[in-house]
Each structure stands twice: as C-alpha cells, then as structure tokens.
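Notes follow the structure.
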Amino acid sequence: MGRIVVISTGGTIASRWQGSGFAAEADGQEVVATAPVPEGVTVELVDLFSVNSPRLTTAHQLTLLRTVHEVLADPGVDGIVVTHGTDTLEESAFLVDLHHHDPRSVVFTGSQRPMGTADGDGPGNLYDALLTAANTRGLGVLIAFAGRVHAARGTVKTEAVALDAFADPSKELLGKIGYGKVTMLRAPQRSTALPLPAMPEVPPRVDMVMHHADGDPVLLNAAVEAGAQGIVLVGTGAGNATPEIVEAVRAAVARGVLVALTTRVMAGPVTEIYTHGGAVDLVAAGAVPMGTLRAGQARIAVLSALLGAEDPAEQTRLLRHALSTAGSVMAPA
C-alpha cells in the first residue's frame, strides 16, 4: 500500500517509568517496534526528538513542520505518521495542517498509556495511523486515535486519561478504522495552505488569557508588557468579557498586538451577540473571532500569522485566512 515515514517526537507512546512517574525516554525505533505493520506498508523512521509534549516549544514545533516538508520532498514517500504526546498534539497537528499543501496524508497519533503496559493503546494506534496514512489522500493532516479518524482543525483532547481521547466537539466524526479498513464519513473543512515560515531566531511570544467571574485586565496587560506579539483571549459563553477588558484589547491592538477571541465553552462558535463587554465590543475593539477553534489551536493560528508577516494589517489578514475553510475533495489513495 505504500512507503510511510514515521516521525517520532516522544510523548506517552515513548514513555517509561522514571521512579516517580512516566516520561518520554524511548527512541523512535523502539516505538515503531511495538506495533504490527499493515500488509503492503513499508516503514522508515525519522527519530526527531523524545520529549513529553507539555515541554514542546515553538522551536520544536517549527522543526517538526520543516521535517514534514523535507520528507514530502521525496516523491517516493506515500505518507507520514507523527507519533506525539497527547497534551499538545492538537496544536502541532494544526500547525502542520495550516502549512500543508500536499495531497499525501500526515497522520498524528500517540497513546494514553505508556509503552510496555499490558493494556497499552500505543501499538494499536500506531497501526491505525500507518493504515490511514497509506489509504487516504487529499484530506490534509489527520489524527488517528482509538479507532477514529479526526481532522486536525477543530480536534482537541477531550479526555484526560480515557483511551478515546480526541474529538471535535463542534462537528461530526470524520472517519473510522477497523478490520484493516479506513472508512471516511465526510470531507474535512480546510483553508488553503499558508507558506512555510522561516525559522526565527526568537519566535514571537503568544500568550493566552482566560476570562472568569471577577476577571480584570491585569493578566492581559501583563502579557503585553512582557512582549507578547499575540494574545488569545478565552472568553466566557459565545466569547464575552467585560468593558474593562474591551479597553485593554483596544489598547493592545493599537500597540500592534494581534488579539484572537475564543471561548472556554467546549462546543459552538464565537458569536457577536452581547455588548457591555461581550463579543460585539471585543470584535469592534480589534479582536479577531476564532469561530470554533479553541484556545490551543487559536494560539497556533496567531503564531502562523505572526510568522507570515510583520505588518499588523497583514498579520490580521493571514489570521482571518487561516479561519476560512472550503470543502476538501477526497481523492483515492
């Protein structure tokens, strides 16, 4: 079915007991060796790094992004699987998807249980990811986990420890894996790919600030003073805050800070319904509403926009472009 390259980055799927808890330790070869390989698939390995995903930096993620592009420069490669920690998998997968223009699939996977455990889910997830990478095209970046296929865009970690860890709370399931077959149920919605960004010497700082009852602008203002070039405001409800935070957003935007507005609610879009500090006022102050993208992926979209331009108006245009979607056409493998 094809030549698939596995890029190993660590996470629970590469974790062993360290005396007081688990941490990524195994190299890519050990991870790949745990899983059966689908018939007709040949596997090659890029052992990129092995870290717990909460420790990933923008530099790690940009290195992964560039590695994906380097691997796909070989026309003989039929697809890519990325093994990754689940805590920030949704962020890295969306970053790669925003810049992915190739019809060949890039499939992220990982595990909720460490390698070597009797009930470990890593081998099965890796098998499913290999199968998905070899049998899909034209769908962008995917996540294969617990017998399900998810689009990178919109998919978040919804379970802290349960095996079926990922879902897009605002959309129906993309596909299923079982009995050696991948069945796609719909086509994902994607924006056209952004250009591959340069590797900056110092990546732009992008912070997240969550609103809550009795919330004030202190943390948002502190982020600006700390040098944040982008801020994701996580509002309540459909994307709401207070008049004081609206003024802080207006001041930040006036200083050239790119502000995105999302919500702490699990599903549904940011919507301009309320004033008196609500999304109506925040958008009027310059915040960009992020639709159904939640905080982690909203931050990635802001990061990509900042990496793509220096002019604030162009950064805003790129951010809005990252939010635009069109139907993806499923192509045969």
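We label chains A, B, ... in the order they appear in the structure tokens, count residues from 1 in each chain, and number ligands from 1 in the order shown.
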Who sits within 10 Å of His321 of chain A, only C-alpha atoms, same chain under 5 positions skipped, as number ranges by chain = A: 98, 191-194, 301, 305, 315-316
Would you save the residues of that selection, restricted to N, CA, C and O atoms, as an mmCIF file, in the first residue's frame?
data_model
loop_
_atom_site.group_PDB
_atom_site.id
_atom_site.type_symbol
_atom_site.label_atom_id
_atom_site.label_comp_id
_atom_site.auth_asym_id
_atom_site.auth_seq_id
_atom_site.Cartn_x
_atom_site.Cartn_y
_atom_site.Cartn_z
ATOM 1 N N LEU A 98 -2.037 23.840 8.766
ATOM 2 C CA LEU A 98 -2.127 25.193 8.223
ATOM 3 C C LEU A 98 -1.143 25.414 7.082
ATOM 4 O O LEU A 98 -1.394 26.236 6.199
ATOM 5 N N SER A 191 -8.500 25.496 5.205
ATOM 6 C CA SER A 191 -8.095 26.692 4.475
ATOM 7 C C SER A 191 -6.987 26.311 3.495
ATOM 8 O O SER A 191 -6.336 25.271 3.653
ATOM 9 N N THR A 192 -6.787 27.132 2.458
ATOM 10 C CA THR A 192 -5.644 26.896 1.579
ATOM 11 C C THR A 192 -4.363 27.116 2.373
ATOM 12 O O THR A 192 -4.309 27.936 3.290
ATOM 13 N N ALA A 193 -3.328 26.373 2.018
ATOM 14 C CA ALA A 193 -2.118 26.320 2.842
ATOM 15 C C ALA A 193 -1.387 27.656 2.881
ATOM 16 O O ALA A 193 -1.252 28.344 1.861
ATOM 17 N N LEU A 194 -0.897 27.995 4.058
ATOM 18 C CA LEU A 194 -0.014 29.147 4.215
ATOM 19 C C LEU A 194 1.400 28.750 3.812
ATOM 20 O O LEU A 194 1.770 27.572 3.913
ATOM 21 N N ALA A 301 -2.871 29.468 15.228
ATOM 22 C CA ALA A 301 -3.242 30.315 14.094
ATOM 23 C C ALA A 301 -2.621 31.702 14.222
ATOM 24 O O ALA A 301 -2.125 32.276 13.248
ATOM 25 N N ALA A 305 0.239 33.428 11.737
ATOM 26 C CA ALA A 305 0.048 34.759 11.156
ATOM 27 C C ALA A 305 1.219 35.678 11.481
ATOM 28 O O ALA A 305 1.687 36.435 10.620
ATOM 29 N N GLN A 315 -0.862 40.667 9.173
ATOM 30 C CA GLN A 315 -0.995 39.595 10.159
ATOM 31 C C GLN A 315 -2.472 39.278 10.405
ATOM 32 O O GLN A 315 -2.859 38.110 10.467
ATOM 33 N N THR A 316 -3.279 40.318 10.522
ATOM 34 C CA THR A 316 -4.716 40.109 10.715
ATOM 35 C C THR A 316 -5.327 39.421 9.509
ATOM 36 O O THR A 316 -6.172 38.521 9.634
#
As a list in words, list the residues of segment 208-289 of chain A assigned to alpha helix (DSSP H) by DSSP on the backbone atoms of this structure.
->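 Here are the alpha helix (DSSP H) residues of segment 208-289 of chain A: Val218, Leu219, Leu220, Asn221, Ala222, Ala223, Val224, Glu225, Pro243, Glu244, Ile245, Val246, Glu247, Ala248, Val249, Arg250, Ala251, Ala252, Val253, Ala254, Ala279, Val280, Asp281, Leu282, Val283 and Ala284 of chain A.
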Take the residues just selected and output them with N, CA and C atoms as an mmCIF file, in the first residue's frame.
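Written out: part00.cif:
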data_model
loop_
_atom_site.group_PDB
_atom_site.id
_atom_site.type_symbol
_atom_site.label_atom_id
_atom_site.label_comp_id
_atom_site.auth_asym_id
_atom_site.auth_seq_id
_atom_site.Cartn_x
_atom_site.Cartn_y
_atom_site.Cartn_z
ATOM 1 N N VAL A 218 -5.694 42.622 34.241
ATOM 2 C CA VAL A 218 -4.323 42.572 34.762
ATOM 3 C C VAL A 218 -3.456 41.607 33.951
ATOM 4 N N LEU A 219 -3.919 40.389 33.730
ATOM 5 C CA LEU A 219 -3.090 39.402 33.050
ATOM 6 C C LEU A 219 -2.916 39.736 31.569
ATOM 7 N N LEU A 220 -3.952 40.270 30.943
ATOM 8 C CA LEU A 220 -3.826 40.662 29.544
ATOM 9 C C LEU A 220 -2.808 41.790 29.408
ATOM 10 N N ASN A 221 -2.893 42.783 30.276
ATOM 11 C CA ASN A 221 -1.928 43.880 30.239
ATOM 12 C C ASN A 221 -0.519 43.392 30.549
ATOM 13 N N ALA A 222 -0.417 42.434 31.463
ATOM 14 C CA ALA A 222 0.900 41.888 31.807
ATOM 15 C C ALA A 222 1.516 41.175 30.611
ATOM 16 N N ALA A 223 0.684 40.483 29.839
ATOM 17 C CA ALA A 223 1.193 39.804 28.639
ATOM 18 C C ALA A 223 1.746 40.817 27.650
ATOM 19 N N VAL A 224 1.031 41.918 27.465
ATOM 20 C CA VAL A 224 1.510 42.966 26.561
ATOM 21 C C VAL A 224 2.836 43.523 27.047
ATOM 22 N N GLU A 225 2.927 43.794 28.338
ATOM 23 C CA GLU A 225 4.157 44.363 28.896
ATOM 24 C C GLU A 225 5.312 43.360 28.832
ATOM 25 N N PRO A 243 -16.304 45.382 29.950
ATOM 26 C CA PRO A 243 -15.885 46.629 29.311
ATOM 27 C C PRO A 243 -14.426 46.974 29.580
ATOM 28 N N GLU A 244 -13.928 46.630 30.773
ATOM 29 C CA GLU A 244 -12.532 46.921 31.105
ATOM 30 C C GLU A 244 -11.584 46.105 30.232
ATOM 31 N N ILE A 245 -11.949 44.862 29.970
ATOM 32 C CA ILE A 245 -11.108 44.019 29.111
ATOM 33 C C ILE A 245 -11.208 44.486 27.662
ATOM 34 N N VAL A 246 -12.372 44.972 27.258
ATOM 35 C CA VAL A 246 -12.510 45.546 25.920
ATOM 36 C C VAL A 246 -11.513 46.690 25.734
ATOM 37 N N GLU A 247 -11.390 47.547 26.718
ATOM 38 C CA GLU A 247 -10.452 48.673 26.612
ATOM 39 C C GLU A 247 -9.010 48.179 26.562
ATOM 40 N N ALA A 248 -8.710 47.126 27.323
ATOM 41 C CA ALA A 248 -7.356 46.563 27.295
ATOM 42 C C ALA A 248 -7.053 45.953 25.926
ATOM 43 N N VAL A 249 -8.036 45.305 25.321
ATOM 44 C CA VAL A 249 -7.867 44.757 23.972
ATOM 45 C C VAL A 249 -7.634 45.885 22.972
ATOM 46 N N ARG A 250 -8.420 46.945 23.076
ATOM 47 C CA ARG A 250 -8.267 48.080 22.168
ATOM 48 C C ARG A 250 -6.859 48.674 22.270
ATOM 49 N N ALA A 251 -6.359 48.811 23.491
ATOM 50 C CA ALA A 251 -5.017 49.361 23.702
ATOM 51 C C ALA A 251 -3.945 48.433 23.153
ATOM 52 N N ALA A 252 -4.132 47.119 23.343
ATOM 53 C CA ALA A 252 -3.157 46.148 22.838
ATOM 54 C C ALA A 252 -3.104 46.176 21.320
ATOM 55 N N VAL A 253 -4.264 46.199 20.677
ATOM 56 C CA VAL A 253 -4.315 46.234 19.216
ATOM 57 C C VAL A 253 -3.657 47.514 18.700
ATOM 58 N N ALA A 254 -3.867 48.623 19.400
ATOM 59 C CA ALA A 254 -3.246 49.888 18.995
ATOM 60 C C ALA A 254 -1.728 49.821 19.057
ATOM 61 N N ALA A 279 -18.787 39.898 22.980
ATOM 62 C CA ALA A 279 -18.075 39.726 21.712
ATOM 63 C C ALA A 279 -18.324 40.877 20.744
ATOM 64 N N VAL A 280 -19.506 41.482 20.791
ATOM 65 C CA VAL A 280 -19.782 42.639 19.925
ATOM 66 C C VAL A 280 -18.717 43.711 20.137
ATOM 67 N N ASP A 281 -18.435 44.017 21.408
ATOM 68 C CA ASP A 281 -17.489 45.078 21.733
ATOM 69 C C ASP A 281 -16.045 44.634 21.536
ATOM 70 N N LEU A 282 -15.748 43.394 21.857
ATOM 71 C CA LEU A 282 -14.375 42.897 21.711
ATOM 72 C C LEU A 282 -13.954 42.887 20.247
ATOM 73 N N VAL A 283 -14.859 42.466 19.357
ATOM 74 C CA VAL A 283 -14.536 42.464 17.933
ATOM 75 C C VAL A 283 -14.397 43.904 17.430
ATOM 76 N N ALA A 284 -15.269 44.794 17.891
ATOM 77 C CA ALA A 284 -15.162 46.200 17.499
ATOM 78 C C ALA A 284 -13.837 46.807 17.978
#
What does the distance between atom CA of Ala238 of chain A and atom CA of Thr325 of chain A come to in Å, to one decimal place?
-> 20.3 Å
Can you list, as a list in words, every protein, DNA or RNA residue that comes within 9 Å of segment 35-40 of chain A when you count only C-alpha atoms, leaving out same-chain residues fewer than 2 positions away?
-> Met1, Gly2, Arg3, Val31, Val32, Ala33, Thr42, Val43, Gly122, Pro123, Gly124, Asn125, Leu126, Tyr127, Asp128, Leu130, Leu131 and Gly180 of chain A
Looking at only C-alpha atoms, which of A:Asn240, A:Ser324, A:Thr109, A:Thr67 is the one that sits closest to Thr86 of chain A?
-> A:Thr109
12 Å contact set for Arg153 of chain A, only C-alpha atoms, chain neighbours under 5 positions out, as a ChimeraX atom specification | /A:89-98,139-143,166-171,174,187-191,290-294,296-298,300-301,322-325
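In this model, the gap between atom CA of Gly256 of chain A and atom CA of Pro312 of chain A comes to 5.8 Å.
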Give the answer as one residue: which of A:Gly178, A:Gly19, A:Gly110, A:Gly235 has the shortest atom-to-atom distance to Met208 of chain A, using only C-alpha atoms?
->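 Among the listed residues, the smallest separation from Met208 of chain A belongs to A:Gly235.
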Calculate how many Å separate atom CA of Arg104 of chain A from atom CA of Ala309 of chain A, rounding to one decimal.
->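 Calculated distance between atom CA of Arg104 of chain A and atom CA of Ala309 of chain A is 27.3 Å.
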Residue nearest Glu30 of chain A - candidates A:Asn52, A:Thr242, A:Gln61, A:Thr83, atoms counted: only C-alpha atoms | A:Thr83
Find, counting only C-alpha atoms, the residue in A:Val209, A:Val270, A:Val161, A:Ala134 that gets nearest to Arg299 of chain A.
->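 Of all the options, A:Val209 lies closest to Arg299 of chain A.
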With a distance cut-off of 10 Å and only C-alpha atoms, select the neighbouring residues of Ala59 of chain A, excluding the residue or stretch itself and same-chain residues fewer than 3 positions from it, and output the selection as a list in words.
-> Leu56, Leu62, Thr63, Leu64, Leu65, Met199, Pro200, Glu201, Val202 and Pro203 of chain A
Expected file contents, prior selection, N, CA, C and O atoms, as a CSV table (one decimal), in the first residue's frame:
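Resulting contents of result17.csv:
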chain,number,residue,atom,x,y,z
A,56,LEU,N,7.1,20.9,24.9
A,56,LEU,CA,7.4,21.3,23.5
A,56,LEU,C,7.4,22.8,23.4
A,56,LEU,O,6.6,23.5,24.1
A,62,LEU,N,8.2,24.1,15.0
A,62,LEU,CA,8.6,24.5,13.7
A,62,LEU,C,9.6,23.5,13.1
A,62,LEU,O,9.7,23.3,11.9
A,63,THR,N,10.4,22.9,13.9
A,63,THR,CA,11.4,21.9,13.4
A,63,THR,C,10.6,20.7,12.9
A,63,THR,O,10.9,20.1,11.8
A,64,LEU,N,9.5,20.3,13.6
A,64,LEU,CA,8.6,19.2,13.1
A,64,LEU,C,8.0,19.6,11.8
A,64,LEU,O,8.0,18.8,10.8
A,65,LEU,N,7.5,20.9,11.7
A,65,LEU,CA,6.9,21.3,10.5
A,65,LEU,C,7.8,21.2,9.3
A,65,LEU,O,7.5,20.7,8.2
A,199,MET,N,12.5,29.9,10.1
A,199,MET,CA,12.8,29.6,11.5
A,199,MET,C,13.4,30.8,12.2
A,199,MET,O,14.5,31.2,12.0
A,200,PRO,N,12.6,31.5,13.0
A,200,PRO,CA,13.1,32.7,13.6
A,200,PRO,C,14.1,32.4,14.7
A,200,PRO,O,14.0,31.4,15.4
A,201,GLU,N,15.0,33.4,14.9
A,201,GLU,CA,16.0,33.2,16.0
A,201,GLU,C,15.3,33.2,17.3
A,201,GLU,O,15.6,32.5,18.2
A,202,VAL,N,14.3,34.1,17.4
A,202,VAL,CA,13.5,34.2,18.6
A,202,VAL,C,12.0,34.2,18.2
A,202,VAL,O,11.5,35.1,17.6
A,203,PRO,N,11.3,33.1,18.4
A,203,PRO,CA,9.9,33.0,18.0
A,203,PRO,C,9.0,34.1,18.7
A,203,PRO,O,9.3,34.5,19.8
Backbone DSSP call of strand (DSSP E) for segment 145-307 of chain A, listed as an MDAnalysis selection string = chainID A and resid 145 148:151 156:157 166:167 175:178 181:184 189:190 206:210 230:235 258:263 288:289
Compare A:Pro204, A:Pro195, A:Gly120, A:Gly154 by their minimum atom-to-atom distance to Thr57 of chain A, counting only C-alpha atoms, and give me the closest one.
->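 Among the listed residues, A:Pro204 lies closest to Thr57 of chain A.
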Can you work out which one of A:Leu196, A:Val156, A:Ala23, A:Ile273 has the shortest atom-to-atom distance to His101 of chain A, counting only C-alpha atoms?
->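 Smallest distance to His101 of chain A is found for A:Leu196.
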